[in-house]
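S.K.: Just one file: entry-v6.csv, with CSV, C-alpha atoms.
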chain,number,residue,atom,x,y,z
J,1142,MET,CA,146.0,173.6,14.6
J,1143,VAL,CA,145.7,171.5,17.7
J,1144,VAL,CA,149.3,170.3,16.9
J,1145,ALA,CA,150.4,174.0,16.8
J,1146,VAL,CA,148.9,174.6,20.2
J,1147,GLY,CA,150.6,171.5,21.5
J,1148,ALA,CA,154.0,172.0,20.1
J,1149,ARG,CA,154.4,175.8,20.3
J,1150,ARG,CA,151.7,176.9,22.8
J,1151,ASP,CA,150.4,179.0,19.9
J,1152,ARG,CA,147.8,181.3,21.4
J,1153,GLN,CA,146.6,182.5,18.0
J,1154,ALA,CA,145.9,178.9,16.9
J,1155,PHE,CA,144.2,178.4,20.2
J,1156,ALA,CA,141.9,181.4,19.6
J,1157,ALA,CA,141.0,180.0,16.2
J,1158,LEU,CA,140.2,176.6,17.7
J,1159,PHE,CA,138.2,178.4,20.4
J,1160,ALA,CA,136.1,180.3,17.8
J,1161,HIS,CA,135.3,177.1,16.0
J,1162,PHE,CA,134.8,174.6,18.8
J,1163,ALA,CA,133.6,176.5,21.9
J,1164,PRO,CA,130.2,177.5,20.5
J,1165,ARG,CA,129.7,173.9,19.3
J,1166,ILE,CA,130.6,172.4,22.6
J,1167,LYS,CA,128.2,174.8,24.3
J,1168,ALA,CA,125.5,173.8,21.8
J,1169,TYR,CA,126.2,170.1,22.5
J,1170,LEU,CA,125.8,170.7,26.3
J,1171,MET,CA,122.6,172.6,25.8
J,1172,ARG,CA,121.2,169.8,23.6
J,1173,SER,CA,121.9,167.4,26.4
J,1174,GLY,CA,119.7,169.5,28.8
J,1175,CYS,CA,122.1,172.1,30.3
J,1176,GLU,CA,121.2,175.7,31.0
J,1177,ALA,CA,123.1,178.3,29.0
J,1178,THR,CA,125.3,179.3,32.0
J,1179,ALA,CA,126.2,175.7,32.9
J,1180,ALA,CA,126.8,174.9,29.2
J,1181,GLU,CA,129.1,177.9,29.0
J,1182,GLU,CA,131.1,176.8,32.0
J,1183,VAL,CA,131.6,173.3,30.6
J,1184,ALA,CA,132.6,174.7,27.2
J,1185,GLN,CA,135.2,176.9,28.8
J,1186,GLU,CA,136.5,174.1,30.9
J,1187,ALA,CA,136.7,171.8,27.9
J,1188,MET,CA,138.7,174.5,26.0
J,1189,VAL,CA,141.1,174.8,29.0
J,1190,THR,CA,141.5,171.0,28.9
J,1191,LEU,CA,142.2,171.2,25.1
J,1192,TRP,CA,145.0,173.7,25.8
J,1193,ARG,CA,146.5,171.5,28.5
J,1194,ARG,CA,146.3,168.3,26.6
J,1195,ALA,CA,147.1,169.6,23.2
J,1196,GLU,CA,150.5,168.0,23.5
J,1197,THR,CA,149.0,164.5,23.8
J,1198,TYR,CA,146.8,164.9,20.7
J,1199,ASP,CA,147.9,162.5,18.0
J,1200,PRO,CA,146.6,163.4,14.6
J,1201,ARG,CA,147.2,159.8,13.4
J,1202,GLN,CA,144.6,158.5,15.9
J,1203,ALA,CA,141.7,160.9,15.5
J,1204,SER,CA,140.7,164.1,13.7
J,1205,ALA,CA,140.6,167.3,15.7
J,1206,SER,CA,136.7,167.2,15.9
J,1207,THR,CA,136.7,163.6,17.1
J,1208,TRP,CA,139.3,164.5,19.8
J,1209,VAL,CA,137.3,167.6,20.9
J,1210,PHE,CA,134.1,165.6,21.0
J,1211,THR,CA,135.7,163.1,23.4
J,1212,ILE,CA,136.9,166.0,25.7
J,1213,ALA,CA,133.4,167.6,25.7
J,1214,ARG,CA,131.8,164.3,26.4
J,1215,ASN,CA,134.0,163.5,29.3
J,1216,LYS,CA,133.6,167.0,30.7
J,1217,ARG,CA,129.8,166.6,30.5
J,1218,ILE,CA,130.0,163.3,32.5
J,1219,ASP,CA,132.4,164.8,35.0
J,1220,MET,CA,130.8,168.2,35.6
J,1221,VAL,CA,127.1,167.7,34.8
J,1222,ARG,CA,126.6,164.1,35.9
J,1223,ARG,CA,129.4,164.2,38.4
J,1224,GLU,CA,130.5,160.6,37.7
J,1225,ARG,CA,133.7,158.9,36.7
J,1226,ARG,CA,134.1,157.8,33.2
J,1227,PRO,CA,136.3,154.7,33.3
J,1228,GLU,CA,138.5,154.5,30.2
J,1229,PHE,CA,141.2,152.1,29.1
J,1230,ASP,CA,144.8,153.4,29.1
J,1231,PRO,CA,146.5,153.1,25.7
J,1232,ALA,CA,149.9,153.0,27.5
J,1233,ASP,CA,148.8,150.1,29.9
J,1234,PRO,CA,151.2,147.2,29.6
J,1235,ALA,CA,148.2,144.9,30.1
J,1236,LEU,CA,146.5,146.2,27.0
J,1237,VAL,CA,146.1,143.5,24.3
J,1238,PRO,CA,147.7,145.2,21.2
J,1239,GLU,CA,146.4,145.4,17.7
J,1240,PRO,CA,147.2,142.3,15.5
J,1241,ASP,CA,149.3,144.5,13.2
J,1242,ALA,CA,151.1,147.7,14.0
J,1243,PRO,CA,148.7,150.5,13.1
J,1244,ALA,CA,149.5,152.0,9.7
J,1245,ASP,CA,150.4,155.6,9.4
J,1246,ARG,CA,147.1,157.4,9.5
J,1247,VAL,CA,148.1,161.1,9.5
J,1248,ALA,CA,146.2,162.0,6.4
J,1249,GLU,CA,143.7,159.3,7.0
J,1250,ALA,CA,142.2,160.4,10.2
J,1251,ALA,CA,141.4,163.9,8.9
J,1252,GLN,CA,140.2,162.5,5.6
J,1253,GLU,CA,138.0,160.0,7.3
J,1254,ALA,CA,136.4,162.7,9.4
J,1255,THR,CA,135.4,164.5,6.2
J,1256,ILE,CA,134.0,161.3,4.7
J,1257,VAL,CA,132.0,160.5,7.8
J,1258,ARG,CA,130.6,164.0,7.9
J,1259,ALA,CA,129.5,163.8,4.2
J,1260,ALA,CA,128.0,160.3,4.8
J,1261,LEU,CA,126.1,161.6,7.8
J,1262,ASP,CA,124.6,164.4,5.7
J,1263,ARG,CA,123.3,161.9,3.2
J,1264,LEU,CA,121.5,159.7,5.8
J,1265,PRO,CA,117.7,159.9,5.8
J,1266,ALA,CA,116.5,162.6,8.3
J,1267,GLU,CA,115.0,160.0,10.6
J,1268,GLN,CA,118.3,158.2,11.0
J,1269,GLN,CA,120.2,161.4,11.5
J,1270,GLU,CA,117.9,162.4,14.2
J,1271,MET,CA,118.2,159.0,15.9
J,1272,LEU,CA,122.0,159.4,16.0
J,1273,ARG,CA,121.7,162.9,17.4
J,1274,LEU,CA,119.5,161.5,20.1
J,1275,ALA,CA,121.9,158.8,20.9
J,1276,TYR,CA,124.9,161.1,21.0
J,1277,PHE,CA,123.5,164.3,22.4
J,1278,GLU,CA,120.8,163.5,24.9
J,1279,ASP,CA,122.8,161.7,27.5
J,1280,MET,CA,120.4,158.7,27.3
J,1281,PRO,CA,121.1,155.1,26.6
J,1282,HIS,CA,119.1,153.3,23.9
J,1283,SER,CA,116.5,152.2,26.4
J,1284,ALA,CA,115.8,155.7,27.6
J,1285,ILE,CA,115.6,157.0,24.0
J,1286,ALA,CA,112.9,154.4,23.3
J,1287,GLU,CA,110.9,155.5,26.3
J,1288,ALA,CA,111.3,159.2,25.5
J,1289,CYS,CA,110.3,158.7,21.8
J,1290,ASP,CA,107.5,156.3,22.7
J,1291,LEU,CA,109.1,153.7,20.4
J,1292,PRO,CA,109.8,150.1,21.0
J,1293,LEU,CA,113.4,149.5,22.0
J,1294,GLY,CA,113.8,147.2,19.0
J,1295,THR,CA,112.9,150.1,16.6
J,1296,VAL,CA,115.4,152.4,18.2
J,1297,LYS,CA,118.1,149.7,18.0
J,1298,SER,CA,117.4,148.9,14.4
J,1299,ARG,CA,117.3,152.5,13.3
J,1300,ILE,CA,120.6,153.2,14.9
J,1301,ARG,CA,122.1,150.0,13.6
J,1302,LEU,CA,120.8,150.8,10.1
J,1303,ALA,CA,122.3,154.4,10.3
J,1304,LEU,CA,125.7,153.0,11.4
J,1305,ALA,CA,125.6,150.3,8.7
J,1306,ARG,CA,125.1,153.0,6.0
J,1307,LEU,CA,127.9,155.1,7.5
J,1308,ARG,CA,130.3,152.2,7.6
J,1309,LYS,CA,129.4,151.2,4.0
J,1310,THR,CA,130.0,154.7,2.7
J,1311,VAL,CA,133.3,155.1,4.6
J,1312,LYS,CA,134.5,151.8,3.2
J,1313,GLU,CA,133.6,152.7,-0.4
J,1314,GLU,CA,135.2,156.1,-0.4
V,73,MET,CA,141.6,127.0,44.6
V,74,SER,CA,143.8,126.7,41.6
V,75,VAL,CA,144.4,129.4,39.0
V,76,ARG,CA,145.0,129.1,35.3
V,77,THR,CA,147.5,131.7,34.3
V,78,ASP,CA,146.1,134.1,31.7
V,79,ARG,CA,148.7,136.4,30.3
V,80,ALA,CA,148.1,138.9,27.6
V,81,GLY,CA,147.7,137.4,24.1
V,82,SER,CA,144.6,135.9,22.6
V,83,ARG,CA,141.8,138.1,21.3
V,84,PRO,CA,138.2,137.7,22.5
V,85,ALA,CA,135.5,136.0,20.5
V,86,HIS,CA,132.5,137.5,22.2
V,87,HIS,CA,132.2,141.2,21.6
V,88,LEU,CA,130.1,144.3,22.5
V,89,THR,CA,126.9,145.0,20.6
V,90,ASP,CA,126.4,148.1,18.4
V,91,GLU,CA,124.0,149.3,21.0
V,92,LEU,CA,126.5,149.2,23.9
V,93,LEU,CA,129.3,150.5,21.7
V,94,VAL,CA,127.2,153.6,20.7
V,95,ASP,CA,126.1,154.2,24.2
V,96,TYR,CA,129.6,154.0,25.5
V,97,ALA,CA,131.1,156.2,22.7
V,98,ALA,CA,128.3,158.7,23.2
V,99,GLY,CA,128.9,158.8,27.0
V,100,ALA,CA,125.4,157.7,27.8
V,101,LEU,CA,126.2,154.9,30.2
V,102,GLY,CA,126.8,155.0,33.9
V,103,GLU,CA,130.1,154.3,35.7
V,104,ALA,CA,129.4,150.6,36.2
V,105,GLU,CA,128.7,149.6,32.6
V,106,SER,CA,131.5,151.9,31.4
V,107,LEU,CA,133.9,150.1,33.7
V,108,VAL,CA,133.1,146.7,32.3
V,109,ILE,CA,133.1,148.0,28.7
V,110,ALA,CA,136.4,149.9,29.0
V,111,THR,CA,138.1,146.9,30.6
V,112,HIS,CA,136.9,144.8,27.7
V,113,LEU,CA,138.2,147.4,25.3
V,114,ALA,CA,141.7,147.0,26.9
V,115,LEU,CA,141.5,143.3,26.0
V,116,CYS,CA,139.8,143.7,22.6
V,117,PRO,CA,141.5,145.6,19.7
V,118,ALA,CA,138.4,145.0,17.5
V,119,CYS,CA,136.0,146.8,19.8
V,120,ARG,CA,138.6,149.6,20.3
V,121,THR,CA,138.6,150.2,16.6
V,122,ALA,CA,134.8,150.2,16.6
V,123,VAL,CA,134.6,152.7,19.4
V,124,ALA,CA,137.2,155.0,17.6
V,125,ALA,CA,134.9,154.9,14.5
V,126,LEU,CA,131.9,155.8,16.6
V,127,GLU,CA,133.8,158.6,18.2
V,128,ASP,CA,134.4,159.9,14.7
V,129,VAL,CA,130.6,159.9,14.3
V,130,GLY,CA,130.4,162.0,17.5
V,131,GLY,CA,133.0,164.4,16.1
V,132,ALA,CA,131.0,164.7,12.8
V,133,LEU,CA,127.8,165.3,14.7
V,134,LEU,CA,129.5,168.0,16.8
V,135,GLU,CA,130.7,169.7,13.7
V,136,GLY,CA,127.2,169.7,12.4
V,137,LEU,CA,125.7,171.4,15.4
V,138,ALA,CA,124.5,175.0,15.0
V,139,PRO,CA,127.0,177.0,17.1
V,140,ALA,CA,125.5,178.5,20.3
V,141,GLU,CA,126.2,182.1,21.3
V,142,LEU,CA,129.0,182.4,23.8
V,143,ALA,CA,129.0,184.6,26.9
V,144,THR,CA,130.6,188.0,26.4
V,145,GLY,CA,134.3,187.8,27.0
V,146,SER,CA,134.3,184.0,26.9
V,147,LEU,CA,137.6,183.7,25.0
V,148,ASP,CA,139.3,186.3,27.3
V,149,THR,CA,138.2,184.4,30.4
V,150,VAL,CA,139.8,181.3,29.1
V,151,LEU,CA,142.9,183.0,27.9
V,152,ALA,CA,143.3,184.6,31.3
V,153,ARG,CA,143.0,181.2,32.9
V,154,ILE,CA,145.6,179.5,30.7
V,155,GLY,CA,147.7,182.7,30.8
V,156,GLY,CA,150.6,181.8,33.0
V,157,GLU,CA,150.3,178.1,32.5
V,158,ALA,CA,153.3,176.0,31.8
V,159,PRO,CA,153.2,173.4,29.1
V,160,ALA,CA,151.3,170.3,29.8
V,161,THR,CA,152.9,167.9,32.2
V,162,PRO,CA,154.8,165.1,30.5
V,163,ARG,CA,153.2,161.7,30.4
V,164,VAL,CA,153.8,159.5,33.4
V,165,GLU,CA,155.8,156.4,32.7
V,166,ARG,CA,153.6,153.4,33.4
V,167,LYS,CA,155.0,150.8,35.6
V,168,PRO,CA,154.2,147.3,34.5
V,169,PRO,CA,152.0,145.6,37.1
V,170,SER,CA,153.9,143.6,39.7
V,171,GLY,CA,154.3,139.9,39.4
V,172,ASP,CA,150.5,139.2,39.4
V,173,ARG,CA,149.7,135.9,37.8
V,174,ILE,CA,146.6,137.4,36.2
V,175,LEU,CA,147.0,140.7,34.5
V,176,VAL,CA,144.2,143.1,35.3
V,177,PRO,CA,144.0,145.9,32.8
V,178,GLU,CA,143.0,149.5,33.4
V,179,PRO,CA,140.5,150.9,34.2
V,180,LEU,CA,139.6,147.9,36.5
V,181,ARG,CA,143.1,147.8,38.1
V,182,GLY,CA,142.6,151.3,39.4
V,183,TYR,CA,139.5,150.1,41.3
V,184,LEU,CA,141.4,147.3,43.1
V,185,GLN,CA,143.8,147.6,46.0
V,186,ALA,CA,145.3,144.1,45.5
V,187,SER,CA,145.8,141.4,42.9
V,188,LEU,CA,142.8,139.3,42.0
V,189,GLU,CA,144.0,136.4,44.2
V,190,GLU,CA,144.8,138.6,47.2
V,191,LEU,CA,141.4,140.4,47.3
V,192,PRO,CA,139.3,139.8,50.5
V,193,TRP,CA,136.8,137.5,48.8
V,194,LYS,CA,133.5,136.9,50.5
V,195,GLY,CA,132.3,133.3,50.3
V,196,LEU,CA,128.8,133.3,48.8
V,197,LEU,CA,128.2,129.7,48.1
V,198,PRO,CA,130.6,126.7,48.1
V,199,GLY,CA,133.1,127.4,45.3
V,200,LEU,CA,131.8,130.9,44.7
V,201,GLY,CA,133.5,134.0,46.0
V,202,MET,CA,132.4,137.6,45.5
V,203,PHE,CA,134.1,141.0,45.8
V,204,GLU,CA,132.0,144.1,45.6
V,205,ILE,CA,133.2,147.2,43.7
V,206,ALA,CA,131.6,150.6,44.5
V,207,THR,CA,130.2,152.4,41.4
V,208,ALA,CA,127.7,155.2,40.9
V,209,GLY,CA,124.1,154.2,40.6
V,210,LYS,CA,121.6,153.3,43.3
V,211,THR,CA,120.4,149.8,42.4
V,212,ARG,CA,123.2,148.7,40.1
V,213,LYS,CA,125.7,146.3,41.5
V,214,THR,CA,129.2,145.8,40.3
V,215,ARG,CA,131.3,142.9,41.5
V,216,LEU,CA,134.1,140.4,40.9
V,217,LEU,CA,133.2,136.8,41.0
V,218,ARG,CA,135.6,133.9,41.5
V,219,VAL,CA,134.2,130.5,40.6
V,220,LYS,CA,136.2,127.4,41.6
V,221,ALA,CA,137.4,125.3,38.6
V,222,GLY,CA,134.7,122.9,37.4
V,223,THR,CA,131.9,124.4,39.6
V,224,PRO,CA,128.5,125.0,38.2
V,225,MET,CA,126.9,128.3,39.1
V,226,PRO,CA,123.3,128.1,40.5
V,227,GLU,CA,120.8,128.2,37.6
V,228,HIS,CA,119.5,131.7,37.3
V,229,THR,CA,117.8,134.3,35.2
V,230,HIS,CA,118.1,138.1,35.3
V,231,ARG,CA,116.0,141.0,36.3
V,232,GLY,CA,117.1,143.6,33.8
V,233,SER,CA,120.4,143.5,31.9
V,234,GLU,CA,123.7,141.9,33.0
V,235,LEU,CA,127.2,142.5,31.6
V,236,THR,CA,130.0,140.1,32.4
V,237,LEU,CA,133.6,140.2,31.4
V,238,VAL,CA,135.8,137.2,31.9
V,239,LEU,CA,139.2,138.1,33.4
V,240,ALA,CA,140.7,134.6,33.8
V,241,GLY,CA,139.7,131.0,33.3
V,242,GLY,CA,136.4,130.5,31.5
V,243,TYR,CA,132.9,129.1,31.6
V,244,SER,CA,130.3,127.5,29.4
V,245,ASP,CA,126.6,127.3,29.0
V,246,GLU,CA,124.1,126.5,26.2
V,247,ARG,CA,125.1,129.7,24.5
V,248,GLY,CA,128.8,129.1,24.2
V,249,HIS,CA,132.2,129.2,25.8
V,250,PHE,CA,133.5,132.4,27.4
V,251,VAL,CA,137.2,133.0,28.2
V,252,ARG,CA,139.5,136.0,29.1
V,253,GLY,CA,138.4,139.1,27.4
V,254,ASP,CA,135.0,137.8,26.3
V,255,ILE,CA,132.0,139.9,27.1
V,256,ASP,CA,128.7,138.2,27.9
V,257,ILE,CA,125.4,140.2,27.7
V,258,THR,CA,122.4,138.7,29.2
V,259,ASP,CA,118.9,139.8,30.3
V,260,ASP,CA,115.7,138.3,31.5
V,261,SER,CA,115.3,136.2,28.4
V,262,VAL,CA,118.3,134.2,29.3
V,263,ARG,CA,118.0,131.5,31.9
V,264,HIS,CA,121.3,129.6,32.4
V,265,GLN,CA,123.6,127.6,34.6
V,266,PRO,CA,127.2,128.5,33.6
V,267,VAL,CA,129.8,126.0,34.5
V,268,ALA,CA,133.4,127.1,35.2
V,269,ASP,CA,136.1,125.4,33.1
V,270,SER,CA,137.8,122.6,34.9
V,271,ASP,CA,141.4,123.7,34.3
V,272,GLY,CA,141.4,126.8,36.6
V,273,ASP,CA,139.3,129.2,38.6
V,274,CYS,CA,137.2,131.6,36.7
V,275,PHE,CA,137.4,135.3,37.5
V,276,CYS,CA,134.7,137.6,36.1
V,277,LEU,CA,133.8,141.3,36.4
V,278,THR,CA,130.0,141.7,36.3
V,279,THR,CA,127.4,144.4,36.6
V,280,THR,CA,123.7,143.9,37.1
V,281,GLU,CA,120.8,146.3,37.0
V,282,ALA,CA,119.0,144.3,39.7
V,283,PRO,CA,119.6,141.1,41.7
V,284,LEU,CA,119.6,137.8,39.8
V,285,LYS,CA,116.8,135.4,40.2
V,286,LEU,CA,117.8,131.9,41.1
V,287,THR,CA,115.6,129.4,39.3
V,288,GLY,CA,116.9,126.0,40.3
V,289,ARG,CA,115.1,123.8,42.8
V,290,ILE,CA,117.5,124.7,45.6
V,291,GLY,CA,118.3,128.1,44.2
V,292,ARG,CA,114.7,129.2,44.6
V,293,LEU,CA,114.9,128.5,48.3
V,294,LEU,CA,118.1,130.5,48.5
V,295,ASN,CA,116.7,133.6,46.7
V,296,PRO,CA,115.8,135.5,49.9
V,297,PHE,CA,119.2,134.9,51.4
V,298,VAL,CA,121.7,135.2,48.6
V,299,ARG,CA,121.6,138.6,47.0
V,300,PHE,CA,123.6,138.4,43.8
What is this structure when it is put down as structure tokens?

M.R.:
Amino acid sequence: MVVAVGARRDRQAFAALFAHFAPRIKAYLMRSGCEATAAEEVAQEAMVTLWRRAETYDPRQASASTWVFTIARNKRIDMVRRERRPEFDPADPALVPEPDAPADRVAEAAQEATIVRAALDRLPAEQQEMLRLAYFEDMPHSAIAEACDLPLGTVKSRIRLALARLRKTVKEE
Amino acid sequence: MSVRTDRAGSRPAHHLTDELLVDYAAGALGEAESLVIATHLALCPACRTAVAALEDVGGALLEGLAPAELATGSLDTVLARIGGEAPATPRVERKPPSGDRILVPEPLRGYLQASLEELPWKGLLPGLGMFEIATAGKTRKTRLLRVKAGTPMPEHTHRGSELTLVLAGGYSDERGHFVRGDIDITDDSVRHQPVADSDGDCFCLTTTEAPLKLTGRIGRLLNPFVRF
């Protein structure tokens, strides 16, 4: 659908994407501490960016939800924290390339997203919650440890454990 | 000062930790740490792949969120905004960096007005030059260091965490050898005296939470004067 928006400026496809993603982006912002009004504003702004950048979306690189997550994350840093988010440029001639040309991942990226979601659902509740904290609260590991009154080592090991399980499941599928 | 030419090519041996990869993918880090990490990513395909996988986790978590209720007319507002909009602007062709001897990848390149060798370096100690980079965050410092070939850095430990990315040349301490693309993560548990490789000047990008603490005999005397 993102591809349809990019290639044909398909407003119907955009409306469908909006219905699915805008409420989730808003929820994401509210989880990270935004008021409803500010969260709404960022969600709308993220959807405008989605429309503008749809042409650059590459389904071989990432699933739609991963791509939307990165847009929402960057909007949050830009609009809420008012900071720059330095990122590498995939087209930079100084970039050190992959050892092998990346294989054709069209089906893979979407498939992988489904697998990651299923694997996430199967994690113990405690590990799921730790990942949500890490991804949604706009706090680095050290701040999470403080907020949860846990030693930093415990936070690190829970997140590491959760990721190890996810990676194992994704590899096996 | 001599310079060992480091063109693109080899892949780093010292990588980011899961902790930093997650914090970066989640967008929980400030500008300074993100700058160091993103510049490492440009030089490290392995860590790029790791970040992409962690962004997949972010996408999956986003999918799993209970949708929030949107404001009335939310879609119409956005449709009105994009209404007359022309298709996205085509991607800008990237010019390869000019004949710099050391390739500085983005995003760091965008922070610098000159090539590494032409920056207005400030002499800090004999054989050690510094160039400060403005990043958000009150106490955090971000700077480029240029260490003359074969020069030992003053022995020091850290107050809080320090992230270092080697851009050219290399250095060694008890923990290993670090060269272009390598990331070095240290904190107050590490007390070291890195020595720059003898075959060329070492250029690093580094960010610290708080000033370093010099621990050597002479270094201790310098602490009040030299703010790393």

S.K.: Residues near Ala1179 of chain J, anyone? I mean within 10 Å using all atoms listed in the file, not counting same-chain ones fewer than 5 positions away, as a list in words.

M.R.: Lys1167, Leu1170, Met1171, Gly1174, Ala1184, Gln1185, Met1220 and Val1221 of chain J

S.K.: Tell me which protein, DNA and RNA residues are within 9 Å of Glu234 of chain V, counting all atoms listed in the file, leaving out same-chain ones fewer than 6 positions away, and put them as a ChimeraX atom specification.

M.R.: /V:256-260,278-282,284

S.K.: I want to know what sits within 10 Å of segment 1290-1305 of chain J, based on all atoms listed in the file, with residues of the same chain fewer than 4 positions away left out; could you give that as a VMD selection string?

M.R.: (chain J and resid 1260 to 1261 1264 to 1265 1267 to 1272 1274 to 1275 1282 to 1286 1309 to 1311) or (chain V and resid 89 to 91 94 125 to 126 129)

S.K.: Using 6 Å as the limit and counting all atoms listed in the file, can you tabulate each residue of chain J that touches chain V, with its shortest atom-to-atom distance in Å and the two atoms involved, as JSON lines?

M.R.:
{"residue": "J:Pro1164", "atom": "CA", "partner": "V:Pro139", "partner_atom": "CA", "distance": 4.7}
{"residue": "J:Arg1165", "atom": "CA", "partner": "V:Pro139", "partner_atom": "CA", "distance": 4.7}
{"residue": "J:Ala1168", "atom": "CA", "partner": "V:Ala140", "partner_atom": "CA", "distance": 4.9}
{"residue": "J:Arg1193", "atom": "CA", "partner": "V:Ala160", "partner_atom": "CA", "distance": 5.1}
{"residue": "J:Ser1206", "atom": "CA", "partner": "V:Gly131", "partner_atom": "CA", "distance": 4.6}
{"residue": "J:Thr1207", "atom": "CA", "partner": "V:Gly131", "partner_atom": "CA", "distance": 3.9}
{"residue": "J:Phe1210", "atom": "CA", "partner": "V:Gly131", "partner_atom": "CA", "distance": 5.2}
{"residue": "J:Arg1225", "atom": "CA", "partner": "V:Glu103", "partner_atom": "CA", "distance": 5.9}
{"residue": "J:Arg1226", "atom": "CA", "partner": "V:Glu103", "partner_atom": "CA", "distance": 5.9}
{"residue": "J:Pro1227", "atom": "CA", "partner": "V:Leu107", "partner_atom": "CA", "distance": 5.2}
{"residue": "J:Glu1228", "atom": "CA", "partner": "V:Ala110", "partner_atom": "CA", "distance": 5.2}
{"residue": "J:Phe1229", "atom": "CA", "partner": "V:Ala110", "partner_atom": "CA", "distance": 5.3}
{"residue": "J:Pro1234", "atom": "CA", "partner": "V:Pro168", "partner_atom": "CA", "distance": 5.7}
{"residue": "J:Ala1235", "atom": "CA", "partner": "V:Pro177", "partner_atom": "CA", "distance": 5.1}
{"residue": "J:Leu1236", "atom": "CA", "partner": "V:Ala114", "partner_atom": "CA", "distance": 4.9}
{"residue": "J:Val1237", "atom": "CA", "partner": "V:Leu115", "partner_atom": "CA", "distance": 4.9}
{"residue": "J:Glu1239", "atom": "CA", "partner": "V:Pro117", "partner_atom": "CA", "distance": 5.3}
{"residue": "J:Arg1258", "atom": "CA", "partner": "V:Ala132", "partner_atom": "CA", "distance": 5.0}
{"residue": "J:Tyr1276", "atom": "CA", "partner": "V:Ala98", "partner_atom": "CA", "distance": 4.7}
{"residue": "J:Asp1279", "atom": "CA", "partner": "V:Ala100", "partner_atom": "CA", "distance": 4.8}
{"residue": "J:Met1280", "atom": "CA", "partner": "V:Ala100", "partner_atom": "CA", "distance": 5.1}
{"residue": "J:Pro1281", "atom": "CA", "partner": "V:Ala100", "partner_atom": "CA", "distance": 5.2}

S.K.: Between atom CA of Asp1230 of chain J and atom CA of Ala1251 of chain J, what distance in Å does the model show, to one decimal?

M.R.: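 Calculated distance between atom CA of Asp1230 of chain J and atom CA of Ala1251 of chain J is 23.0 Å.
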
S.K.: Calculated over all atoms listed in the file, which of the candidates V:Met225, V:Ala152, V:Leu184, V:Ala240 has the smallest distance to Asp271 of chain V?

M.R.: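 That would be V:Ala240, the residue with the smallest distance to Asp271 of chain V.
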
S.K.: Tell me which protein, DNA and RNA residues are within 7 Å of Lys1216 of chain J, counting only C-alpha atoms, leaving out same-chain ones fewer than 4 positions away, and put them as a PyMOL selection string.

M.R.: chain J and resi 1183+1187+1212+1220

S.K.: Grab the atom CA of Phe275 of chain V to atom CA of Thr236 of chain V distance for me, in Å with one decimal place.

M.R.: 10.2 Å

S.K.: In file coordinates, which residues lie within 12 Å of (130.0, 134.4, 27.0) using only C-alpha atoms, given as a PyMOL selection string?

M.R.: chain V and resi 84-88+234-239+242-258+262+264+266-268+276+278

S.K.: One decimal, Å: what's the distance from atom CA of Arg1150 of chain J over to atom CA of Trp1208 of chain J, could you say?

M.R.: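 That distance, rounded to one decimal, is 17.8 Å.
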
S.K.: Which residue out of J:Leu1191, J:Ala1232, J:Ala1180, J:Val1257 has the minimum interatomic distance to Ala1205 of chain J when all atoms listed in the file are used?

M.R.: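 The closest residue to Ala1205 of chain J is J:Leu1191.
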